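File shown: protein_39.cif (mmCIF, C-alpha atoms and all ligand atoms).
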```cif
data_entry
loop_
_atom_site.label_atom_id
_atom_site.label_comp_id
_atom_site.auth_asym_id
_atom_site.auth_seq_id
_atom_site.Cartn_x
_atom_site.Cartn_y
_atom_site.Cartn_z
CA MET A 1 -119.43 226.83 -95.49
CA VAL A 2 -116.54 228.25 -97.49
CA ASN A 3 -114.81 225.59 -99.64
CA LEU A 4 -111.20 224.55 -99.07
CA PRO A 5 -108.62 226.25 -101.33
CA LYS A 6 -107.82 224.06 -104.37
CA LYS A 7 -104.25 223.25 -103.27
CA LEU A 8 -105.52 221.81 -100.00
CA GLU A 9 -108.20 219.78 -101.80
CA GLN A 10 -105.45 218.35 -103.98
CA LYS A 11 -103.33 217.38 -100.99
CA LEU A 12 -106.30 215.59 -99.43
CA GLU A 13 -107.03 213.82 -102.71
CA LYS A 14 -103.41 212.63 -102.90
CA ARG A 15 -103.75 211.18 -99.38
CA ARG A 16 -106.95 209.37 -100.43
CA LEU A 17 -105.26 207.94 -103.52
CA GLU A 18 -102.33 206.71 -101.40
CA ASN A 19 -104.78 205.03 -99.03
CA ALA A 20 -103.30 207.16 -96.26
CA LEU A 21 -106.12 209.52 -95.35
CA ARG A 22 -106.17 210.07 -91.59
CA VAL A 23 -109.56 209.98 -89.85
CA LEU A 24 -110.43 210.40 -86.18
CA PRO A 25 -111.53 206.95 -84.97
CA GLU A 26 -114.62 206.32 -82.86
CA ALA A 27 -113.95 205.14 -79.29
CA GLN A 28 -114.27 201.35 -79.29
CA GLN A 29 -114.54 198.73 -76.59
CA LEU A 30 -111.78 196.48 -77.91
CA ILE A 31 -108.92 194.66 -76.20
CA ASP A 32 -106.27 197.32 -75.83
CA PHE A 33 -103.08 196.74 -77.82
CA SER A 34 -102.89 200.34 -78.90
CA SER A 35 -102.92 202.90 -76.08
CA ASN A 36 -99.82 204.23 -74.34
CA ASP A 37 -101.39 203.53 -70.94
CA TYR A 38 -98.68 200.91 -70.31
CA LEU A 39 -99.28 200.55 -66.55
CA GLY A 40 -103.03 201.12 -66.58
CA PHE A 41 -102.81 204.42 -64.66
CA ALA A 42 -105.27 206.22 -66.98
CA LYS A 43 -107.94 203.73 -65.92
CA LYS A 44 -107.42 203.89 -62.15
CA LYS A 45 -110.66 205.31 -60.77
CA GLU A 46 -109.18 206.05 -57.33
CA PHE A 47 -106.66 208.49 -58.84
CA SER A 48 -109.27 211.08 -59.79
CA LYS A 49 -110.71 211.05 -56.25
CA GLN A 50 -107.22 211.38 -54.76
CA ALA A 51 -106.43 214.29 -57.08
CA LEU A 52 -109.64 216.05 -55.97
CA ASN A 53 -108.74 215.45 -52.30
CA LEU A 54 -105.33 216.97 -52.89
CA LEU A 55 -106.91 220.08 -54.43
CA GLU A 56 -109.33 220.38 -51.51
CA ASN A 57 -106.61 219.93 -48.91
CA LEU A 58 -104.51 222.61 -50.55
CA ASN A 59 -107.54 224.85 -51.02
CA LEU A 60 -107.05 225.15 -54.77
CA PRO A 61 -110.59 225.28 -56.15
CA GLU A 62 -109.76 227.09 -59.44
CA ASN A 63 -110.84 225.30 -62.64
CA GLY A 64 -108.14 226.79 -64.84
CA ALA A 65 -104.67 228.25 -64.41
CA SER A 66 -105.93 231.64 -65.69
CA GLY A 67 -102.75 232.65 -67.49
CA SER A 68 -99.27 231.76 -68.69
CA ARG A 69 -96.81 230.54 -66.08
CA LEU A 70 -95.00 233.87 -66.30
CA LEU A 71 -98.21 235.76 -65.50
CA THR A 72 -100.95 234.33 -63.25
CA GLY A 73 -100.72 230.61 -64.14
CA ASN A 74 -97.82 229.50 -61.94
CA HIS A 75 -99.98 228.06 -59.15
CA ARG A 76 -98.52 226.28 -56.11
CA LEU A 77 -98.66 222.79 -57.56
CA TYR A 78 -96.02 223.65 -60.17
CA GLY A 79 -93.30 224.07 -57.52
CA LYS A 80 -94.47 220.92 -55.75
CA LEU A 81 -94.41 218.84 -58.95
CA GLU A 82 -91.12 220.21 -60.27
CA ASN A 83 -89.35 219.55 -56.95
CA LEU A 84 -90.69 216.02 -56.94
CA LEU A 85 -89.67 215.39 -60.56
CA ALA A 86 -86.13 216.71 -60.05
CA PHE A 87 -85.63 214.55 -56.97
CA TYR A 88 -87.29 211.41 -58.35
CA HIS A 89 -85.56 211.52 -61.75
CA LYS A 90 -82.20 212.54 -60.20
CA SER A 91 -81.90 215.87 -61.97
CA ALA A 92 -80.81 219.30 -60.72
CA SER A 93 -84.09 220.74 -61.93
CA ALA A 94 -87.30 220.12 -63.86
CA LEU A 95 -89.50 222.42 -65.92
CA VAL A 96 -93.06 221.35 -66.70
CA PHE A 97 -94.54 221.98 -70.18
CA ASN A 98 -98.14 221.47 -71.36
CA SER A 99 -97.19 218.44 -73.49
CA GLY A 100 -94.23 216.52 -74.87
CA TYR A 101 -94.87 218.24 -78.19
CA ASP A 102 -94.58 221.66 -76.52
CA ALA A 103 -91.45 220.61 -74.60
CA ASN A 104 -89.68 219.46 -77.77
CA ILE A 105 -90.55 222.44 -79.95
CA GLY A 106 -89.76 224.81 -77.06
CA PHE A 107 -86.39 223.20 -76.42
CA PHE A 108 -85.16 222.86 -79.99
CA GLU A 109 -86.36 226.27 -81.09
CA ALA A 110 -84.66 227.98 -78.15
CA VAL A 111 -81.49 226.07 -77.28
CA PRO A 112 -79.32 225.29 -80.36
CA GLN A 113 -78.16 228.65 -81.76
CA LYS A 114 -77.14 229.90 -85.20
CA GLY A 115 -73.69 228.40 -85.86
CA ASP A 116 -74.48 225.30 -83.75
CA PHE A 117 -75.07 221.78 -85.10
CA ILE A 118 -77.78 219.27 -84.37
CA PHE A 119 -77.25 215.59 -85.17
CA TYR A 120 -80.46 213.62 -84.74
CA ASP A 121 -81.42 209.97 -85.16
CA GLU A 122 -83.37 209.58 -88.42
CA LEU A 123 -86.35 208.11 -86.53
CA VAL A 124 -86.87 210.77 -83.86
CA HIS A 125 -90.44 211.87 -83.14
CA ALA A 126 -92.24 214.50 -85.23
CA SER A 127 -92.21 216.94 -82.30
CA ILE A 128 -88.38 216.91 -82.28
CA ARG A 129 -88.27 217.40 -86.05
CA ASP A 130 -90.71 220.29 -85.83
CA GLY A 131 -88.59 221.91 -83.10
CA ILE A 132 -85.45 221.43 -85.20
CA LYS A 133 -87.16 223.07 -88.19
CA MET A 134 -87.77 226.12 -85.99
CA SER A 135 -84.12 226.28 -84.91
CA ASN A 136 -81.43 228.45 -86.49
CA ALA A 137 -78.80 225.72 -86.08
CA LYS A 138 -77.72 223.42 -88.94
CA ALA A 139 -79.27 219.96 -88.59
CA TYR A 140 -78.16 216.56 -89.93
CA LYS A 141 -79.72 213.18 -89.38
CA PHE A 142 -77.75 210.01 -88.66
CA LYS A 143 -78.76 206.41 -89.36
CA HIS A 144 -81.02 204.85 -86.78
CA ASN A 145 -79.10 203.90 -83.60
CA ALA A 146 -75.80 204.02 -85.53
CA ILE A 147 -73.05 205.73 -83.53
CA GLY A 148 -70.67 204.95 -86.42
CA ASP A 149 -72.79 206.96 -88.84
CA LEU A 150 -73.11 209.76 -86.28
CA THR A 151 -69.31 209.86 -85.91
CA GLU A 152 -68.85 209.93 -89.69
CA GLY A 153 -71.50 212.63 -90.04
CA ILE A 154 -69.71 214.82 -87.54
CA GLU A 155 -66.35 214.12 -89.24
CA ARG A 156 -67.83 215.02 -92.65
CA SER A 157 -69.22 218.26 -91.32
CA ARG A 158 -66.04 219.09 -89.43
CA ASN A 159 -64.84 221.48 -92.13
CA ALA A 160 -68.15 223.25 -91.95
CA LEU A 161 -68.19 223.16 -88.16
CA ASP A 162 -67.83 226.62 -86.81
CA MET A 163 -65.07 226.35 -84.21
CA ASN A 164 -67.37 228.06 -81.72
CA GLY A 165 -70.39 226.00 -82.72
CA GLU A 166 -71.77 223.55 -80.17
CA VAL A 167 -72.85 220.04 -81.19
CA TYR A 168 -76.19 218.65 -79.96
CA VAL A 169 -76.85 214.92 -80.34
CA VAL A 170 -80.51 213.91 -80.17
CA THR A 171 -82.08 210.51 -79.61
CA GLU A 172 -84.93 208.71 -77.82
CA SER A 173 -84.60 206.10 -75.11
CA VAL A 174 -87.46 204.09 -76.68
CA PHE A 175 -88.40 204.89 -80.29
CA SER A 176 -92.13 205.43 -80.60
CA MET A 177 -92.63 203.71 -83.96
CA ASP A 178 -90.08 200.88 -83.52
CA GLY A 179 -89.98 200.25 -79.76
CA ASP A 180 -86.22 199.77 -79.80
CA SER A 181 -83.51 201.70 -77.94
CA PRO A 182 -80.08 203.09 -78.78
CA ASN A 183 -76.96 202.07 -76.89
CA LEU A 184 -77.46 205.06 -74.65
CA LYS A 185 -74.42 204.38 -72.47
CA ALA A 186 -72.11 204.30 -75.49
CA LEU A 187 -73.77 207.42 -76.91
CA SER A 188 -73.40 209.33 -73.66
CA ASP A 189 -69.73 208.26 -73.32
CA PHE A 190 -69.14 209.42 -76.90
CA CYS A 191 -70.78 212.79 -76.23
CA THR A 192 -68.94 213.27 -72.93
CA ALA A 193 -65.59 212.44 -74.56
CA HIS A 194 -66.12 215.09 -77.27
CA GLY A 195 -67.95 217.73 -75.28
CA TYR A 196 -71.21 217.28 -77.22
CA TYR A 197 -74.60 217.96 -75.65
CA LEU A 198 -76.77 214.84 -75.48
CA VAL A 199 -80.57 215.28 -75.51
CA VAL A 200 -82.76 212.23 -74.80
CA ASP A 201 -86.52 212.03 -75.32
CA GLU A 202 -87.71 209.58 -72.65
CA ALA A 203 -91.45 209.68 -73.52
CA HIS A 204 -91.89 205.90 -73.77
CA ALA A 205 -89.42 205.07 -70.99
CA THR A 206 -90.85 207.42 -68.35
CA GLY A 207 -92.24 205.43 -65.43
CA ILE A 208 -91.11 202.11 -66.91
CA PHE A 209 -87.33 201.78 -66.91
CA GLY A 210 -85.04 202.40 -63.93
CA GLU A 211 -87.57 201.06 -61.41
CA GLY A 212 -90.27 203.45 -62.56
CA LYS A 213 -87.97 206.34 -63.43
CA ASP A 214 -86.44 206.37 -66.94
CA LEU A 215 -83.69 204.77 -68.99
CA VAL A 216 -81.07 207.41 -68.21
CA CYS A 217 -81.57 206.70 -64.49
CA GLN A 218 -81.43 202.95 -65.12
CA LEU A 219 -78.01 203.38 -66.74
CA GLY A 220 -76.82 205.86 -64.11
CA ILE A 221 -75.82 208.48 -66.70
CA GLU A 222 -77.88 211.42 -65.41
CA GLU A 223 -74.75 213.57 -65.00
CA GLN A 224 -73.69 213.04 -68.63
CA VAL A 225 -76.98 213.96 -70.30
CA PHE A 226 -77.63 217.63 -71.05
CA ALA A 227 -81.42 217.37 -71.21
CA ARG A 228 -84.10 214.70 -70.85
CA ILE A 229 -87.69 215.08 -72.01
CA ILE A 230 -90.08 213.05 -69.85
CA THR A 231 -93.81 212.90 -70.59
CA PHE A 232 -96.91 212.17 -68.51
CA GLY A 233 -99.27 211.13 -71.31
CA LYS A 234 -98.02 207.56 -71.56
CA ALA A 235 -97.16 205.34 -68.56
CA LEU A 236 -98.29 208.08 -66.16
CA GLY A 237 -101.76 208.02 -67.75
CA ASN A 238 -102.04 211.82 -67.70
CA HIS A 239 -100.99 214.73 -69.90
CA GLY A 240 -98.00 217.08 -69.90
CA ALA A 241 -94.23 216.79 -69.88
CA ALA A 242 -91.06 218.12 -68.30
CA ILE A 243 -87.51 218.95 -69.35
CA LEU A 244 -84.90 217.72 -66.88
CA GLY A 245 -81.49 219.40 -66.74
CA SER A 246 -79.37 221.93 -64.88
CA ASP A 247 -80.73 224.95 -62.98
CA ALA A 248 -79.19 227.19 -65.64
CA LEU A 249 -80.98 225.29 -68.42
CA LYS A 250 -84.28 225.78 -66.58
CA THR A 251 -83.66 229.52 -66.19
CA TYR A 252 -82.75 229.72 -69.88
CA LEU A 253 -85.93 227.91 -70.97
CA VAL A 254 -88.13 230.06 -68.74
CA ASN A 255 -86.68 233.05 -70.56
CA PHE A 256 -86.57 231.75 -74.14
CA ALA A 257 -88.84 228.71 -74.69
CA ARG A 258 -91.78 230.24 -76.52
CA SER A 259 -94.03 227.20 -76.07
CA LEU A 260 -93.74 227.72 -72.30
CA ILE A 261 -93.99 231.49 -72.30
CA TYR A 262 -96.85 232.10 -74.70
CA THR A 263 -99.44 229.58 -73.57
CA THR A 264 -101.89 229.14 -70.71
CA ALA A 265 -100.44 226.96 -67.94
CA LEU A 266 -101.89 223.56 -67.01
CA SER A 267 -104.80 223.68 -64.57
CA PRO A 268 -104.37 222.84 -60.85
CA HIS A 269 -106.44 219.74 -61.52
CA ALA A 270 -104.05 218.56 -64.26
CA LEU A 271 -101.07 218.89 -61.93
CA ALA A 272 -102.90 217.27 -58.99
CA SER A 273 -103.59 214.34 -61.28
CA ILE A 274 -99.90 214.05 -62.31
CA LEU A 275 -98.83 214.31 -58.63
CA THR A 276 -101.27 211.53 -57.73
CA ALA A 277 -99.88 209.29 -60.48
CA TYR A 278 -96.30 209.96 -59.31
CA SER A 279 -97.21 209.22 -55.72
CA TYR A 280 -98.47 205.78 -56.82
CA LEU A 281 -95.55 205.26 -59.20
CA LYS A 282 -93.11 205.80 -56.30
CA LYS A 283 -94.88 203.66 -53.72
CA GLY A 284 -97.27 201.20 -55.28
CA SER A 285 -96.50 200.44 -58.91
CA GLU A 286 -94.05 197.55 -58.59
CA ASN A 287 -96.79 195.04 -59.32
CA GLU A 288 -97.86 196.79 -62.54
CA ARG A 289 -94.28 197.12 -63.73
CA ARG A 290 -93.61 193.44 -63.01
CA LYS A 291 -96.78 192.43 -64.90
CA LEU A 292 -95.82 194.60 -67.87
CA GLN A 293 -92.35 193.04 -67.94
CA LYS A 294 -93.84 189.53 -67.82
CA ASN A 295 -96.21 190.40 -70.67
CA ILE A 296 -93.33 191.72 -72.77
CA GLU A 297 -91.41 188.47 -72.24
CA PHE A 298 -94.51 186.36 -72.92
CA PHE A 299 -95.28 188.30 -76.12
CA LYS A 300 -91.73 187.79 -77.42
CA ASN A 301 -91.80 184.06 -76.60
CA GLN A 302 -95.17 183.57 -78.28
CA ALA A 303 -94.03 185.44 -81.38
CA LYS A 304 -91.02 183.13 -81.52
CA LEU A 305 -93.16 179.99 -81.12
CA LEU A 306 -95.41 181.17 -83.95
CA GLY A 307 -92.42 181.82 -86.21
CA LEU A 308 -93.04 185.59 -86.26
CA SER A 309 -89.87 186.81 -84.51
CA GLU A 310 -88.09 187.55 -87.78
CA ASP A 311 -90.87 189.90 -88.87
CA PHE A 312 -90.82 191.87 -85.61
CA ILE A 313 -88.42 194.73 -84.92
CA GLU A 314 -86.24 193.71 -81.95
CA SER A 315 -87.57 195.43 -78.83
CA ASN A 316 -87.45 195.12 -75.05
CA SER A 317 -89.97 197.87 -74.46
CA ALA A 318 -93.78 197.84 -74.39
CA ILE A 319 -93.91 198.66 -78.13
CA HIS A 320 -93.61 195.80 -80.66
CA CYS A 321 -93.92 196.29 -84.41
CA ILE A 322 -94.32 193.79 -87.20
CA ILE A 323 -93.53 195.04 -90.70
CA ILE A 324 -96.32 194.48 -93.24
CA PRO A 325 -95.38 196.52 -96.32
CA GLY A 326 -98.03 198.59 -98.08
CA ASN A 327 -100.71 200.85 -96.60
CA GLU A 328 -103.52 198.79 -98.05
CA LYS A 329 -102.27 195.45 -96.76
CA VAL A 330 -101.47 196.63 -93.23
CA LYS A 331 -104.81 198.44 -92.97
CA GLN A 332 -106.58 195.26 -94.06
CA VAL A 333 -104.86 193.16 -91.38
CA SER A 334 -105.55 195.77 -88.71
CA ASN A 335 -109.25 195.98 -89.71
CA LYS A 336 -109.57 192.21 -89.47
CA LEU A 337 -107.91 192.18 -86.05
CA GLN A 338 -110.32 194.88 -84.92
CA LYS A 339 -113.25 192.77 -86.13
CA GLU A 340 -111.87 189.94 -83.96
CA GLY A 341 -111.95 192.33 -80.99
CA PHE A 342 -108.30 193.50 -80.84
CA ASN A 343 -107.33 197.14 -81.05
CA VAL A 344 -104.06 196.94 -82.99
CA LYS A 345 -103.29 200.02 -85.06
CA PRO A 346 -101.62 200.15 -88.47
CA ILE A 347 -98.80 202.65 -88.88
CA LEU A 348 -98.91 203.91 -92.43
CA SER A 349 -96.58 205.80 -94.71
CA PRO A 350 -95.91 208.76 -94.61
CA THR A 351 -95.72 208.37 -90.79
CA VAL A 352 -93.10 205.66 -91.53
CA LYS A 353 -91.09 205.19 -94.74
CA LYS A 354 -92.82 203.51 -97.71
CA GLY A 355 -92.28 199.76 -97.45
CA GLN A 356 -91.88 200.01 -93.68
CA GLU A 357 -95.61 200.10 -92.90
CA ARG A 358 -96.35 198.10 -89.77
CA LEU A 359 -98.74 196.87 -87.12
CA ARG A 360 -97.88 198.37 -83.77
CA PHE A 361 -98.68 196.35 -80.64
CA CYS A 362 -98.54 198.29 -77.39
CA LEU A 363 -98.41 195.99 -74.37
CA HIS A 364 -99.84 196.78 -70.95
CA ALA A 365 -99.72 195.48 -67.40
CA TYR A 366 -103.44 194.63 -67.74
CA ASN A 367 -103.24 192.49 -70.90
CA THR A 368 -103.77 188.80 -70.14
CA THR A 369 -101.62 186.00 -71.53
CA GLU A 370 -104.74 184.63 -73.30
CA GLU A 371 -105.24 187.97 -75.06
CA ILE A 372 -101.60 188.03 -76.13
CA SER A 373 -101.65 184.42 -77.43
CA LYS A 374 -104.87 185.06 -79.32
CA VAL A 375 -103.86 188.35 -80.92
CA LEU A 376 -100.59 186.84 -82.11
CA SER A 377 -102.08 183.64 -83.49
CA THR A 378 -104.81 185.65 -85.27
CA THR A 379 -102.15 187.91 -86.75
CA ARG A 380 -100.16 184.91 -87.94
CA ASN A 381 -103.22 183.42 -89.60
CA LEU A 382 -103.89 186.71 -91.37
CA ILE A 383 -100.42 187.25 -92.76
CA LYS A 384 -98.90 183.81 -93.33
C1 LIG B 401 -91.04 210.08 -78.52
C2 LIG B 401 -92.14 211.05 -78.28
N1 LIG B 401 -91.83 212.32 -77.92
C3 LIG B 401 -92.77 213.23 -77.69
C4 LIG B 401 -94.11 212.92 -77.82
C5 LIG B 401 -95.14 213.97 -77.59
O1 LIG B 401 -95.63 213.87 -76.29
P1 LIG B 401 -97.10 214.40 -75.95
O2 LIG B 401 -98.04 213.36 -76.39
O3 LIG B 401 -97.06 214.61 -74.47
O4 LIG B 401 -97.28 215.69 -76.69
C6 LIG B 401 -94.48 211.63 -78.17
C7 LIG B 401 -95.93 211.28 -78.25
O5 LIG B 401 -96.48 210.73 -79.09
C8 LIG B 401 -93.48 210.67 -78.43
O6 LIG B 401 -93.79 209.43 -78.81
#
```

Using the file provided, produce a representation of the structure as structure tokens.
Amino acid sequence: MVNLPKKLEQKLEKRRLENALRVLPEAQQLIDFSSNDYLGFAKKKEFSKQALNLLENLNLPENGASGSRLLTGNHRLYGKLENLLAFYHKSASALVFNSGYDANIGFFEAVPQKGDFIFYDELVHASIRDGIKMSNAKAYKFKHNAIGDLTEGIERSRNALDMNGEVYVVTESVFSMDGDSPNLKALSDFCTAHGYYLVVDEAHATGIFGEGKDLVCQLGIEEQVFARIITFGKALGNHGAAILGSDALKTYLVNFARSLIYTTALSPHALASILTAYSYLKKGSENERRKLQKNIEFFKNQAKLLGLSEDFIESNSAIHCIIIPGNEKVKQVSNKLQKEGFNVKPILSPTVKKGQERLRFCLHAYNTTEEISKVLSTTRNLIK
């Protein structure tokens, strides 16, 4: 095989030296404190049968979509799913993308224009950052969850603000690497008062908050938010995403979002699977959501009893992170937990800032209280 160019070899070597080389892990049969399958939907065997039944009933035997949505790929299930999503998540419309990554790069590349301004929380997901890099607007970050810093940032840039430039404010309802949430109500009031466009990535809130909807719905601020990104790869146990917003925003994205236009659409089977998950989410998931909530409360109580609360980032979501500085140290603790049978992943720098390396516990409806007690006491023994 042809060797890698020298510069790339050097970058890999640097990663090795920093103890931060990424490798694809083998699938393991460990107790799950790592996946985003918060409600256990990805493991529900009956869903795949129901999805196949739906395809048969609708006489949709095709294996693939066969083209982009603007060509031959816009099969019947797209309309069905988008209508359902708009109604369920209380939005005027919904536009499905192949993934949350695609939705974010498509949105940020296409929507903020030259002369516009993007203010984004410093901890937003890589897909938002990548989209922002592709945008022609000027972008500034503000301190994590700090409306004060956002306000100051906008004030500071006011001289530079083109009078015709729009301001986009970007945050997440649950931060993927911290598990915490902004004061979304205050942020949306702030944006409404100043005529700014608020964009909220709901990836880790979809299907969990707002009785199985999202955090914006829970707070009743749907009318104030310009765009919401919901994803199906986490609590829905599937793959794909949608942007929720006005009919005009949907029309605009269909015309200008390159990650929607220039890619093959999702297969009928993928959409049947998402529809099946939503059907259960609407009618039958109360039990799973209650169990997840109980596990979150139990986890927090146990952490407190073990004297670990101070080390954890405050969170009411399914994601709980304990800071263990240094790639080597956090990897060591994670490896030992894995040897004890627990799948708890280390989050290393550069994914998070140096010194902010952490263990990330994802909780699920199907974790037992024994598993939670044991993983926390083992962690305590390893780090204290
Ligand atoms: C906050 C956030 N947004 C977007 C994404 C990307 O979603 P997807 O996995 O569907 O591409 C993720 C996934 O890791 C995420 O955590």

Env. residues ligand LIG 401 (chain B) / 9 Å / only C-alpha atoms and all ligand atoms / as a ChimeraX atom specification: /A:36,97-104,124-128,172-177,201-204,229-234,238-241

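In terms of minimum interatomic distance to A:Ala365, A:Ser35 ranks closest within A:Ser35, A:Gln28, A:Asn335, A:Gln302, counting all atoms listed in the file.
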
Counting all atoms listed in the file, what is within 7 Å of A:Ala265, bar same-chain residues fewer than 3 positions away, as a list in words?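 In the requested form, the answer reads Ala65, Gly67, Ser68, Arg69, Gly73 and Asn98 of chain A.
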
Pick out the residues sitting within 12 Å of A:Leu275, and hand them over as an MDAnalysis selection string; count all atoms listed in the file, and ignore anything fewer than 6 positions along from it in its own chain. chainID A and resid 47:48 50:55 77:85 88 232 236:240 268:269 281:282

Ranking A:Ile313, A:Pro61, A:Leu305, A:Gly326 by minimum distance to A:Ser373 and counting only C-alpha atoms, which one comes first?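 Among the listed residues, A:Leu305 lies closest to A:Ser373.
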
Which neighbours of A:Ile31 fall inside 12 Å, counting all atoms listed in the file, when residues of the same chain fewer than 6 positions from it are skipped, and could you give them as JSON, numbers by chain? {"A": [337, 338, 339, 340, 341, 342, 343, 344, 345, 361, 362, 363, 364, 366, 367, 368, 370, 371, 372, 374, 375]}

Mind dumping the selected residues with C-alpha atoms as a PDB file, in the coordinates of the input?
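The resulting file, out32.pdb, is shown below:
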```pdb
ATOM      1  CA  LEU A 337    -107.910 192.180 -86.050  1.00  0.00           C
ATOM      2  CA  GLN A 338    -110.320 194.880 -84.920  1.00  0.00           C
ATOM      3  CA  LYS A 339    -113.250 192.770 -86.130  1.00  0.00           C
ATOM      4  CA  GLU A 340    -111.870 189.940 -83.960  1.00  0.00           C
ATOM      5  CA  GLY A 341    -111.950 192.330 -80.990  1.00  0.00           C
ATOM      6  CA  PHE A 342    -108.300 193.500 -80.840  1.00  0.00           C
ATOM      7  CA  ASN A 343    -107.330 197.140 -81.050  1.00  0.00           C
ATOM      8  CA  VAL A 344    -104.060 196.940 -82.990  1.00  0.00           C
ATOM      9  CA  LYS A 345    -103.290 200.020 -85.060  1.00  0.00           C
ATOM     10  CA  PHE A 361     -98.680 196.350 -80.640  1.00  0.00           C
ATOM     11  CA  CYS A 362     -98.540 198.290 -77.390  1.00  0.00           C
ATOM     12  CA  LEU A 363     -98.410 195.990 -74.370  1.00  0.00           C
ATOM     13  CA  HIS A 364     -99.840 196.780 -70.950  1.00  0.00           C
ATOM     14  CA  TYR A 366    -103.440 194.630 -67.740  1.00  0.00           C
ATOM     15  CA  ASN A 367    -103.240 192.490 -70.900  1.00  0.00           C
ATOM     16  CA  THR A 368    -103.770 188.800 -70.140  1.00  0.00           C
ATOM     17  CA  GLU A 370    -104.740 184.630 -73.300  1.00  0.00           C
ATOM     18  CA  GLU A 371    -105.240 187.970 -75.060  1.00  0.00           C
ATOM     19  CA  ILE A 372    -101.600 188.030 -76.130  1.00  0.00           C
ATOM     20  CA  LYS A 374    -104.870 185.060 -79.320  1.00  0.00           C
ATOM     21  CA  VAL A 375    -103.860 188.350 -80.920  1.00  0.00           C
TER      22      VAL A 375
END
```

Residue among A:Leu382, A:Val167, A:Ala303, A:Val225 lying closest to A:Lys336, counting all atoms listed in the file: A:Leu382

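Comparing A:Ser317, A:Lys11, A:Pro346, A:Ser377 by their smallest distance to A:Pro182, the closest is A:Ser317 (using all atoms listed in the file).
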
Nearest candidate to A:Ser279 (options A:Gly207, A:Glu56, A:Thr263, A:Asp311; using all atoms listed in the file):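 When distances to A:Ser279 are compared using all atoms listed in the file, the smallest one comes from A:Gly207.
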
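In this model, the gap between atom CA of A:Asn74 and atom CA of A:Lys90 comes to 23.1 Å.
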
Within 9 Å of (-79.3, 215.0, -60.0), only C-alpha atoms: residues as an MDAnalysis selection string? chainID A and resid 86:93 222:223 245:246
